[in-house]
Each structure stands twice: as C-alpha cells, then as structure tokens.
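Enquirer: mmCIF, C-alpha atoms, saved as entry_2.cif, coming up:
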```
data_target
#
loop_
_atom_site.label_atom_id
_atom_site.label_comp_id
_atom_site.auth_asym_id
_atom_site.auth_seq_id
_atom_site.Cartn_x
_atom_site.Cartn_y
_atom_site.Cartn_z
CA MET A 23 -13.19 12.71 -21.24
CA PRO A 24 -11.06 15.85 -20.59
CA ARG A 25 -12.34 18.07 -17.81
CA ALA A 26 -12.83 21.12 -20.05
CA LYS A 27 -14.80 19.09 -22.59
CA ILE A 28 -17.16 17.52 -20.06
CA LEU A 29 -17.78 20.88 -18.39
CA ALA A 30 -18.60 22.35 -21.80
CA GLU A 31 -21.08 19.52 -22.35
CA ALA A 32 -22.56 20.06 -18.88
CA ASP A 33 -22.92 23.76 -19.72
CA ARG A 34 -24.78 22.87 -22.92
CA LEU A 35 -27.14 20.51 -21.11
CA MET A 36 -27.89 22.98 -18.33
CA THR A 37 -28.76 25.57 -20.98
CA VAL A 38 -31.16 23.14 -22.64
CA CYS A 39 -32.66 22.10 -19.30
CA ASN A 40 -33.03 25.72 -18.23
CA SER A 41 -35.23 26.27 -21.28
CA CYS A 42 -37.37 23.20 -20.61
CA ARG A 43 -37.66 22.96 -16.80
CA TYR A 44 -39.78 19.80 -16.97
CA CYS A 45 -37.60 18.10 -14.30
CA GLU A 46 -37.58 20.90 -11.73
CA GLY A 47 -39.52 18.85 -9.18
CA LEU A 48 -37.22 15.81 -9.27
CA CYS A 49 -34.28 16.98 -7.14
CA ALA A 50 -32.24 19.98 -6.04
CA VAL A 51 -30.14 20.20 -9.22
CA PHE A 52 -32.81 21.76 -11.41
CA PRO A 53 -34.06 24.44 -9.00
CA ALA A 54 -30.41 25.36 -8.36
CA MET A 55 -29.84 25.48 -12.11
CA GLU A 56 -32.83 27.78 -12.58
CA MET A 57 -31.23 30.39 -10.32
CA ARG A 58 -28.58 30.90 -13.02
CA ARG A 59 -28.52 32.09 -16.61
CA ALA A 60 -24.84 31.32 -17.17
CA PHE A 61 -22.66 28.62 -15.64
CA SER A 62 -19.08 28.96 -14.50
CA ASP A 63 -16.94 25.83 -14.04
CA GLY A 64 -17.48 26.18 -10.30
CA ASP A 65 -21.27 26.28 -10.81
CA LEU A 66 -21.13 23.11 -12.90
CA ASN A 67 -19.03 21.29 -10.30
CA TYR A 68 -21.50 22.46 -7.65
CA LEU A 69 -24.43 21.04 -9.65
CA ALA A 70 -22.53 17.81 -10.38
CA ASN A 71 -21.97 17.17 -6.67
CA LEU A 72 -25.52 18.21 -5.84
CA CYS A 73 -26.73 15.44 -8.18
CA HIS A 74 -27.64 12.19 -6.37
CA ALA A 75 -27.58 10.08 -9.59
CA CYS A 76 -31.15 8.80 -9.22
CA GLY A 77 -31.56 8.72 -13.01
CA ALA A 78 -35.10 10.10 -12.94
CA CYS A 79 -34.30 13.07 -15.20
CA TYR A 80 -33.00 10.73 -17.91
CA ALA A 81 -36.15 8.60 -17.74
CA ASP A 82 -38.43 11.65 -17.84
CA CYS A 83 -36.53 13.72 -20.42
CA GLN A 84 -38.12 14.16 -23.85
CA PHE A 85 -34.71 15.10 -25.27
CA SER A 86 -32.72 12.07 -24.04
CA PRO A 87 -31.00 9.86 -26.67
CA PRO A 88 -31.71 9.09 -29.47
CA HIS A 89 -33.09 12.65 -29.70
CA GLU A 90 -30.74 14.98 -31.56
CA PHE A 91 -30.34 17.15 -28.44
CA ASN A 92 -28.73 14.09 -26.77
CA VAL A 93 -29.54 15.20 -23.21
CA ASN A 94 -28.08 12.80 -20.66
CA VAL A 95 -27.75 14.70 -17.40
CA PRO A 96 -26.96 11.73 -15.06
CA ARG A 97 -24.00 10.47 -17.09
CA THR A 98 -22.61 13.93 -17.86
CA LEU A 99 -22.76 15.02 -14.22
CA ALA A 100 -21.30 11.66 -13.13
CA ILE A 101 -18.23 12.26 -15.32
CA ALA A 102 -17.95 15.87 -14.10
CA ARG A 103 -18.30 14.67 -10.51
CA ASN A 104 -15.52 12.09 -10.92
CA ASN A 105 -13.34 14.77 -12.50
CA SER A 106 -13.99 17.04 -9.53
CA TRP A 107 -12.65 14.43 -7.08
CA ARG A 108 -9.38 14.49 -9.00
CA ALA A 109 -9.35 18.28 -9.51
CA TYR A 110 -9.76 19.06 -5.80
CA ALA A 111 -7.65 16.20 -4.42
CA TRP A 112 -4.76 17.03 -2.09
CA PRO A 113 -1.94 16.55 -2.72
CA GLN A 114 -2.50 16.65 -6.48
CA ALA A 115 0.34 14.20 -7.11
CA PHE A 116 -1.78 11.35 -5.69
CA ALA A 117 -5.01 12.16 -7.53
CA GLY A 118 -4.25 10.46 -10.84
CA LEU A 119 -2.55 7.48 -9.23
CA PHE A 120 -5.60 6.57 -7.15
CA ALA A 121 -8.06 7.41 -9.93
CA ARG A 122 -6.44 4.94 -12.31
CA ASN A 123 -5.66 2.11 -9.90
CA GLY A 124 -8.01 2.54 -6.95
CA VAL A 125 -8.90 -1.09 -6.24
CA ALA A 126 -5.37 -2.41 -6.84
CA ILE A 127 -3.73 0.24 -4.65
CA SER A 128 -6.25 -0.31 -1.85
CA ILE A 129 -5.68 -4.07 -1.81
CA ILE A 130 -1.89 -3.73 -2.09
CA ALA A 131 -1.84 -1.21 0.78
CA ALA A 132 -4.00 -3.46 2.95
CA LEU A 133 -1.83 -6.53 2.33
CA SER A 134 1.40 -4.56 2.76
CA VAL A 135 0.41 -3.27 6.20
CA ALA A 136 -0.92 -6.69 7.20
CA ILE A 137 2.40 -8.29 6.20
CA PHE A 138 4.31 -5.55 8.05
CA ILE A 139 2.36 -6.17 11.27
CA PHE A 140 2.65 -9.92 10.78
CA GLY A 141 6.42 -9.60 10.31
CA PHE A 142 6.72 -7.22 13.27
CA ALA A 143 5.11 -9.82 15.50
CA ALA A 144 7.13 -12.68 14.02
CA LEU A 145 10.43 -10.91 14.66
CA THR A 146 9.39 -10.07 18.21
CA ASP A 147 8.00 -13.48 19.14
CA HIS A 148 6.72 -15.90 16.50
CA GLU A 149 4.66 -17.69 19.15
CA VAL A 150 2.49 -14.59 19.36
CA LEU A 151 1.08 -15.26 15.90
CA VAL A 152 -0.31 -18.70 16.69
CA GLY A 153 -0.91 -18.35 20.40
CA VAL A 154 -4.26 -17.91 22.10
CA HIS A 155 -4.56 -14.51 23.80
CA THR A 156 -7.54 -13.54 25.90
CA GLY A 157 -8.53 -10.79 28.28
CA PRO A 158 -7.69 -7.08 28.34
CA GLY A 159 -4.66 -6.16 26.24
CA ALA A 160 -4.78 -9.37 24.17
CA PHE A 161 -4.65 -7.43 20.89
CA TYR A 162 -1.45 -5.68 21.95
CA ALA A 163 0.40 -8.98 22.15
CA LEU A 164 0.62 -8.73 18.36
CA MET A 165 1.64 -5.07 18.25
CA PRO A 166 2.19 -2.66 21.16
CA HIS A 167 -0.60 -0.15 21.67
CA ASN A 168 1.64 2.89 21.23
CA ALA A 169 3.01 1.61 17.92
CA MET A 170 -0.50 0.80 16.73
CA ALA A 171 -1.85 4.19 17.80
CA ALA A 172 1.04 6.02 16.11
CA LEU A 173 0.66 4.19 12.79
CA PHE A 174 -3.10 4.45 12.49
CA GLY A 175 -3.33 7.86 14.14
CA ALA A 176 -0.95 9.24 11.50
CA ALA A 177 -2.98 7.65 8.68
CA PHE A 178 -6.24 9.01 10.09
CA LEU A 179 -4.84 12.52 10.58
CA TYR A 180 -3.51 12.48 7.03
CA ALA A 181 -6.97 11.49 5.74
CA ILE A 182 -8.58 14.34 7.70
CA LEU A 183 -6.05 16.87 6.43
CA ALA A 184 -6.38 15.75 2.80
CA CYS A 185 -10.21 15.80 3.00
CA VAL A 186 -10.23 19.28 4.57
CA MET A 187 -7.90 20.62 1.90
CA GLY A 188 -10.08 19.10 -0.83
CA MET A 189 -13.23 20.60 0.68
CA ARG A 190 -11.49 23.98 0.92
CA ALA A 191 -10.60 23.86 -2.79
CA PHE A 192 -14.15 22.82 -3.72
CA TRP A 193 -15.62 25.54 -1.50
CA ARG A 194 -13.52 28.21 -3.15
CA ASP A 195 -14.26 26.98 -6.68
CA ILE A 196 -18.04 26.95 -6.30
CA GLY A 197 -17.93 30.46 -4.84
CA ALA A 198 -19.59 29.51 -1.56
CA PRO A 199 -21.57 32.50 -0.22
CA ALA A 200 -20.47 34.48 2.80
CA GLY A 201 -22.06 33.22 6.00
CA MET A 202 -22.15 29.62 4.79
CA THR A 203 -20.83 28.26 8.09
CA THR A 204 -22.86 30.57 10.34
CA ASP A 205 -26.35 30.16 8.87
CA THR A 206 -27.58 27.47 11.26
CA ALA A 207 -30.93 27.07 9.51
CA SER A 208 -29.23 26.22 6.21
CA LEU A 209 -26.76 23.91 7.93
CA TRP A 210 -29.61 22.09 9.65
CA GLN A 211 -31.59 21.80 6.42
CA ALA A 212 -28.56 20.40 4.58
CA ALA A 213 -27.90 17.93 7.41
CA LYS A 214 -31.49 16.67 7.24
CA ASP A 215 -31.36 16.37 3.45
CA ALA A 216 -28.04 14.51 3.60
CA CYS A 217 -29.01 12.12 6.42
CA THR A 218 -32.34 11.20 4.79
CA LEU A 219 -30.95 11.12 1.23
CA ARG A 220 -33.90 13.29 0.32
CA TYR A 221 -32.92 13.62 -3.33
CA LEU A 222 -32.23 9.94 -4.03
CA ASP A 223 -35.92 9.22 -4.49
CA GLY A 224 -36.39 10.35 -8.09
CA GLY A 225 -38.95 12.95 -7.09
CA GLY A 226 -40.83 10.42 -4.97
CA VAL A 227 -40.95 7.33 -7.19
CA GLY A 228 -37.52 5.89 -6.39
CA CYS A 229 -34.13 5.47 -8.04
CA PHE A 230 -33.65 4.10 -11.57
CA ASN A 231 -30.96 1.46 -11.86
CA GLU A 232 -30.99 -1.41 -14.36
CA ASP A 233 -34.36 -0.75 -16.01
CA ASP A 234 -37.24 1.71 -16.12
CA GLN A 235 -38.75 0.43 -12.85
CA PRO A 236 -37.67 2.76 -10.01
CA THR A 237 -37.08 1.33 -6.53
CA ASP A 238 -35.70 2.46 -3.16
CA ARG A 239 -33.02 -0.25 -3.05
CA ARG A 240 -30.05 2.06 -3.63
CA ARG A 241 -31.36 4.53 -1.08
CA ILE A 242 -31.74 1.78 1.53
CA ASP A 243 -28.27 0.38 0.78
CA HIS A 244 -26.78 3.88 1.10
CA HIS A 245 -28.48 4.23 4.50
CA PHE A 246 -27.07 0.91 5.71
CA THR A 247 -23.61 1.99 4.55
CA PHE A 248 -23.74 5.52 5.96
CA TYR A 249 -25.16 4.66 9.36
CA GLY A 250 -23.03 1.53 9.63
CA PHE A 251 -19.97 3.72 9.09
CA LEU A 252 -21.16 6.12 11.80
CA LEU A 253 -21.77 3.26 14.24
CA CYS A 254 -18.27 1.87 13.65
CA PHE A 255 -16.77 5.32 14.10
CA ALA A 256 -18.75 5.69 17.34
CA ALA A 257 -17.46 2.30 18.52
CA THR A 258 -13.85 3.37 17.87
CA SER A 259 -14.43 6.70 19.64
CA VAL A 260 -15.94 5.04 22.71
CA ALA A 261 -13.11 2.49 22.82
CA THR A 262 -10.59 5.37 22.69
CA LEU A 263 -12.30 7.03 25.66
CA TYR A 264 -12.31 3.72 27.51
CA HIS A 265 -8.56 3.31 26.95
CA TYR A 266 -7.40 6.81 27.84
CA LEU A 267 -9.98 7.93 30.39
CA LEU A 268 -10.95 4.69 32.10
CA ALA A 269 -7.71 2.72 31.55
CA ARG A 270 -9.70 -0.17 30.08
CA GLU A 271 -7.92 -2.10 27.34
CA ALA A 272 -9.43 -3.91 24.37
CA PRO A 273 -10.78 -6.43 23.64
CA TYR A 274 -14.02 -5.78 25.52
CA PRO A 275 -16.83 -8.21 26.42
CA TRP A 276 -19.45 -8.71 23.71
CA TRP A 277 -22.08 -6.79 25.75
CA ASP A 278 -19.90 -3.71 26.24
CA LEU A 279 -20.80 -0.52 24.33
CA PRO A 280 -17.87 -0.45 21.85
CA VAL A 281 -18.55 -4.06 20.85
CA VAL A 282 -22.32 -3.56 20.53
CA LEU A 283 -21.85 -0.43 18.41
CA GLY A 284 -19.15 -2.07 16.30
CA THR A 285 -21.18 -5.24 15.75
CA LEU A 286 -24.28 -3.35 14.62
CA GLY A 287 -22.16 -1.12 12.42
CA GLY A 288 -20.26 -4.09 11.00
CA ILE A 289 -23.46 -5.91 10.06
CA ALA A 290 -24.80 -2.76 8.38
CA LEU A 291 -21.48 -2.40 6.53
CA VAL A 292 -21.90 -5.88 5.12
CA ILE A 293 -25.49 -5.39 3.96
CA GLY A 294 -25.06 -1.90 2.52
CA PRO A 295 -21.83 -2.33 0.49
CA ILE A 296 -22.94 -5.69 -0.93
CA GLY A 297 -26.17 -4.05 -2.07
CA LEU A 298 -24.30 -1.09 -3.57
CA LEU A 299 -21.79 -3.31 -5.40
CA LEU A 300 -24.63 -5.45 -6.76
CA ALA A 301 -26.58 -2.37 -7.88
CA LYS A 302 -23.44 -0.96 -9.52
CA SER A 303 -22.85 -4.17 -11.47
CA GLN A 304 -26.45 -4.12 -12.73
CA ARG A 305 -26.83 -0.40 -13.44
CA ASP A 306 -27.67 0.76 -16.94
CA PRO A 307 -24.35 1.91 -18.47
CA VAL A 308 -26.08 4.89 -20.05
CA LEU A 309 -26.46 6.48 -16.59
CA VAL A 310 -22.89 6.19 -15.30
CA ASP A 311 -19.28 7.08 -15.98
CA SER A 312 -18.45 3.49 -16.88
CA ALA A 313 -14.88 4.33 -17.92
CA ARG A 314 -13.84 5.20 -14.36
CA SER A 315 -15.13 3.41 -11.32
CA GLY A 316 -11.87 2.51 -9.57
CA MET A 317 -11.99 4.66 -6.44
CA ASP A 318 -15.76 4.39 -6.27
CA VAL A 319 -15.57 0.58 -6.11
CA ALA A 320 -12.42 0.70 -3.95
CA PHE A 321 -14.12 2.70 -1.19
CA ILE A 322 -17.14 0.38 -1.07
CA LEU A 323 -14.90 -2.69 -1.19
CA MET A 324 -12.69 -1.42 1.65
CA LEU A 325 -15.76 -0.73 3.80
CA LEU A 326 -16.99 -4.27 3.14
CA LEU A 327 -13.61 -5.86 3.90
CA THR A 328 -13.25 -3.75 7.06
CA SER A 329 -16.57 -5.02 8.37
CA VAL A 330 -16.01 -8.66 7.32
CA THR A 331 -12.54 -8.86 8.89
CA GLY A 332 -13.76 -7.00 11.99
CA LEU A 333 -16.70 -9.36 12.54
CA ALA A 334 -14.46 -12.39 11.93
CA LEU A 335 -12.02 -11.02 14.49
CA LEU A 336 -14.85 -10.61 17.01
CA LEU A 337 -16.01 -14.20 16.53
CA LEU A 338 -12.53 -15.77 16.54
CA ARG A 339 -10.58 -13.50 18.89
CA ASP A 340 -10.22 -16.24 21.52
CA THR A 341 -8.62 -18.68 19.06
CA ALA A 342 -5.19 -19.18 17.51
CA VAL A 343 -6.19 -17.28 14.33
CA MET A 344 -6.64 -14.02 16.23
CA GLY A 345 -3.13 -12.79 15.32
CA PRO A 346 -3.37 -13.19 11.52
CA LEU A 347 -6.96 -11.87 11.52
CA LEU A 348 -5.98 -8.80 13.52
CA ALA A 349 -3.07 -8.08 11.15
CA LEU A 350 -5.37 -8.38 8.14
CA HIS A 351 -8.08 -6.22 9.73
CA LEU A 352 -5.61 -3.49 10.63
CA GLY A 353 -4.18 -3.58 7.11
CA VAL A 354 -7.63 -3.06 5.60
CA VAL A 355 -8.39 -0.21 8.02
CA PHE A 356 -5.09 1.47 7.10
CA ALA A 357 -5.87 1.17 3.38
CA LEU A 358 -9.33 2.61 4.00
CA PHE A 359 -7.86 5.63 5.79
CA ILE A 360 -5.26 6.54 3.18
CA THR A 361 -7.71 6.20 0.26
CA LEU A 362 -10.59 8.14 1.86
CA PRO A 363 -9.59 11.51 0.33
CA TYR A 364 -9.45 10.16 -3.25
CA GLY A 365 -12.72 8.35 -3.83
CA LYS A 366 -16.42 8.18 -3.15
CA PHE A 367 -16.05 9.30 0.46
CA VAL A 368 -15.15 12.87 -0.52
CA HIS A 369 -18.24 13.09 -2.68
CA GLY A 370 -20.27 12.86 0.51
CA LEU A 371 -18.36 15.84 1.88
CA TYR A 372 -18.70 17.86 -1.32
CA ARG A 373 -22.38 16.97 -1.57
CA PHE A 374 -23.00 18.25 1.95
CA VAL A 375 -21.28 21.54 1.09
CA ALA A 376 -23.40 21.71 -2.08
CA LEU A 377 -26.57 21.06 -0.06
CA VAL A 378 -25.66 23.86 2.36
CA ARG A 379 -25.17 26.24 -0.55
CA TYR A 380 -28.49 25.16 -2.07
CA ALA A 381 -30.29 25.77 1.24
CA LEU A 382 -28.67 29.21 1.48
CA GLU A 383 -29.73 30.09 -2.05
CA ARG A 384 -33.29 28.98 -1.40
CA ARG A 385 -33.45 31.15 1.70
CA ALA A 386 -31.96 34.10 -0.16
CA MET A 387 -34.56 33.75 -2.92
CA ALA A 388 -37.41 33.74 -0.41
CA PRO A 389 -36.42 35.93 2.58
CA GLY A 390 -38.25 34.99 5.74
CA ALA A 391 -39.67 31.80 4.23
CA ALA A 392 -38.84 28.39 5.71
CA THR A 393 -36.76 26.10 3.54
CA GLU A 394 -38.83 23.27 2.24
#
```
Could you quickly redo this structure as structure tokens?
Expert:
Amino acid sequence: MPRAKILAEADRLMTVCNSCRYCEGLCAVFPAMEMRRAFSDGDLNYLANLCHACGACYADCQFSPPHEFNVNVPRTLAIARNNSWRAYAWPQAFAGLFARNGVAISIIAALSVAIFIFGFAALTDHEVLVGVHTGPGAFYALMPHNAMAALFGAAFLYAILACVMGMRAFWRDIGAPAGMTTDTASLWQAAKDACTLRYLDGGGVGCFNEDDQPTDRRRIDHHFTFYGFLLCFAATSVATLYHYLLAREAPYPWWDLPVVLGTLGGIALVIGPIGLLLAKSQRDPVLVDSARSGMDVAFILMLLLTSVTGLALLLLRDTAVMGPLLALHLGVVFALFITLPYGKFVHGLYRFVALVRYALERRAMAPGAATE
C-alpha cells in the first residue's frame, strides 16, 4: 500500500479511536494519541513505531471488522511501520532493494563472503582449510587478523552510520521535542520500558497471536533475542579488549569470559529467534502486514544462523572442519551487519526514540509528577 494512502488510513483510525478511547489503558499508543487532535505524517510514524503489535486493541475494539468503521489498528500501524523503515533508510538507494529481497540478499551476502574467505585461504595455503589448528591465533590461520578486522570493522561502522542517519531522519520527522537527549528521567523511563517490553503485554493479559487467547510467549522470545544479542555483543567487546589491551588471541578456553558470554548469548539467540519465527508463521494474518515480511524475517534468520554457526564453531574448533565453519560464520556475521539498517533492528532504535518522546510528553502533561 502506498505510504500516503496508509498514513491517510492511520489518520482516519486515530480520529475514530480518539473519539472512543476504550483502549487507552492497553499501551502507550492511545495515551500518546489522546494528546493530539490532528495528526501529521510524523505523528503517525511516531505512533506506528510506538506500537508493540500486541494485538489487544483489535481484540477489544467494538469497531473492528466486519463493522463498517473497519478499525484495524495493529495491521494499519504495522504497514505504516514497515513503510517508515524504508522512508528513513540511508542511503535511500538500498531501501527498496532490501525491502523486496531481504532474505535472499542476506543469504547471498553470507555465502559470498564465506566463499571469499574460503577462496582467500585456499589461494594462500589449501592445507589451512582441512588442517587442525589449536591454541591462540588458530582462527587467523584461515585469514590474518588485520584483514579480518578491516573487513568486518568496515561493515560494522557502515551499519552504525546508516542506523544513525536513519534515526536522525526519524527524529526530525516526528518533531522530537527540545531537550530529548538531556532529560535523564525520560531517558531512564524509556530504557526501562524498552528493556522490559512493558507494552507487549496487551494491557496485562498478554499478546494475541494466532487466536483470541493471549499469552506471554512473544514477549519471552523477544527477551531471549534481545538479551542474547547483548550478551554476544559483550562477548565480542571483551574479546576485542583481550586482543588489543592484553595481547591475548582467540580462540579462548571455554571457561574464559568471552566464551562464557558468547555461549550464553548464542543459546538465547537460538531459543528466541526460533520462537519468533514460529510465532510469525502462526500469527493471525489480520494483525500483520503479510505482504512484506522480507527484512523482518531476514533479521531474525541472520541472528539464528549467527548463533548456530557460532556454537558449532565452538564445539568443533579443534577439528578439521574449523576452517569451513569459521568462513561460514564470518559470512553470516557480515550479512547481519550490512542488513541491520534496513530491517527489524532499526525498529528497535525508532521505538526507543518514540518511547523517550512519550515519556517526555507525559512529564510535560503532568509537571512535577513521576512518570508511571
């Protein structure tokens, strides 16, 4: 659906909901909506990214289909949210490409880099690919550390730059209030709401998925995914400090901190993404933007493949399959990096910005009162 058309539909629904206000206790979207009498495109994108897609408003709404008002807030905001990822993407030339072919591009990128690394090692010394390498520096027998750091450092820096530029465009479009980055109370409130997924509970009963029986499964799977990602990032950060500050080279013993953090994170990134993919396959189509799920699925799939290949590498790093497994794992990590700015990952960033704005608005509406 064209962006202008879906925003017009979102505007219509918010006008209807603003007259009803039955769902105001379900999440942050409806109280934020009630602070407005008219909705700019930036306001609608703000509300779309504030939505956690729990589906409770659809289940509770007296005007949902087949009523003539045809109020379907979850699906409408899901389409608007997906459109916003494309609208704010940087550079714009890549936005449509990834949106249409997210899974295919991610897999092709992963295999291409894996083949490149595999070929790099084969041209240098084909025995490296099938040899058994153990002890510090074993991974760098396949590819020198400096070459590895340059390739993946560039991909990671590109992902950071593209995400920052996207957040900047979103920030400007929603008209973020002055003082947004200096109001520590609002930042803290938004951080708590984001880390606990406060608004993915359907107002306290749970999230609606395939039927009218709400559960906490999606919330739990999101937690496994989010905190697993943080643990893996922490493992990489600690390993970087080990390498440059302590001159200790990977791979590390299984009891060392980077391995412990990475193993726990990897296990969480198997449980969470599998649960999310299963929930997505079972979800009621009436609640989602079923026409476009490429980069949504691609991000979850890349997280799952990163953890699976990483855990396999940990278990088999002292065998002859270490070389091919390392090439495959690095290929998946590279694909994850370059696709981060164009899929579900950026929604987490936009949602946090939206939560900060919501906390600021709540504080502005009740000066001196603590944010709930």
Enquirer: Could you list the residues chosen by the PyMOL selection byres ((chain A and resi 61) around 10) in this structure as a list in words?
Expert: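 Evaluating the PyMOL selection byres ((chain A and resi 61) around 10) on this file yields Leu29, Ala30, Ala32, Asp33, Arg34, Met36, Thr37, Met55, Arg58, Arg59, Ala60, Ser62, Asp63, Gly64, Asp65, Leu66, Asn67 and Leu69 of chain A.
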Enquirer: At what distance in Å, to one decimal, does CA of Glu149 (chain A) lie from CA of Thr262 (chain A)?
Expert: 27.9 Å
Enquirer: Using only C-alpha atoms, which of A:Glu46, A:Asp318, A:Asp82, A:Asp340 sits nearest Trp107 (chain A)?
Expert: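 Ranking A:Glu46, A:Asp318, A:Asp82, A:Asp340 by distance to Trp107 (chain A), first place goes to A:Asp318.
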Enquirer: Starting from the shown file, work through the PyMOL selection byres ((chain A and resi 175-187) around 7) and note down what comes out as a PDB file with C-alpha atoms, keeping the file's coordinate frame.
Expert:
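Writing done, so here's part-v1.pdb:
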```pdb
ATOM      1  CA  TRP A 112      -4.760  17.030  -2.090  1.00  0.00           C
ATOM      2  CA  ALA A 171      -1.850   4.190  17.800  1.00  0.00           C
ATOM      3  CA  ALA A 172       1.040   6.020  16.110  1.00  0.00           C
ATOM      4  CA  LEU A 173       0.660   4.190  12.790  1.00  0.00           C
ATOM      5  CA  PHE A 174      -3.100   4.450  12.490  1.00  0.00           C
ATOM      6  CA  GLY A 188     -10.080  19.100  -0.830  1.00  0.00           C
ATOM      7  CA  MET A 189     -13.230  20.600   0.680  1.00  0.00           C
ATOM      8  CA  ARG A 190     -11.490  23.980   0.920  1.00  0.00           C
ATOM      9  CA  ALA A 191     -10.600  23.860  -2.790  1.00  0.00           C
ATOM     10  CA  PHE A 356      -5.090   1.470   7.100  1.00  0.00           C
ATOM     11  CA  PHE A 359      -7.860   5.630   5.790  1.00  0.00           C
ATOM     12  CA  ILE A 360      -5.260   6.540   3.180  1.00  0.00           C
ATOM     13  CA  LEU A 362     -10.590   8.140   1.860  1.00  0.00           C
ATOM     14  CA  PRO A 363      -9.590  11.510   0.330  1.00  0.00           C
ATOM     15  CA  VAL A 368     -15.150  12.870  -0.520  1.00  0.00           C
TER      16      VAL A 368
END
```
Enquirer: Report the distance between CA of Ala349 (chain A) and CA of Ala136 (chain A) in Å, rounded to one decimal place.
Expert: 4.7 Å
Enquirer: Nearest residue to Thr331 (chain A) out of A:Ala132, A:Ile242, A:Leu219, A:Val152, using all atoms listed in the file?
Expert: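 Nearest candidate to Thr331 (chain A) out of A:Ala132, A:Ile242, A:Leu219, A:Val152: A:Ala132.
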Enquirer: Hey, what's within 9 Å of His369 (chain A) if we count only C-alpha atoms and toss same-chain stuff fewer than 4 positions away? As a ChimeraX atom specification, please?
Expert: /A:71,103-104,106-107,365,373-374
Enquirer: What gap, in Å, lies between CA of Leu253 (chain A) and CA of Leu325 (chain A)?
Expert: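 Interatomic distance here is 12.7 Å.
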Enquirer: Would you mind telling me which residue in A:Arg194, A:Leu267, A:Trp276, A:Glu232 lies nearest to Leu300 (chain A) when using all atoms listed in the file?
Expert: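 Residue with the minimum atom-to-atom distance to Leu300 (chain A): A:Glu232.
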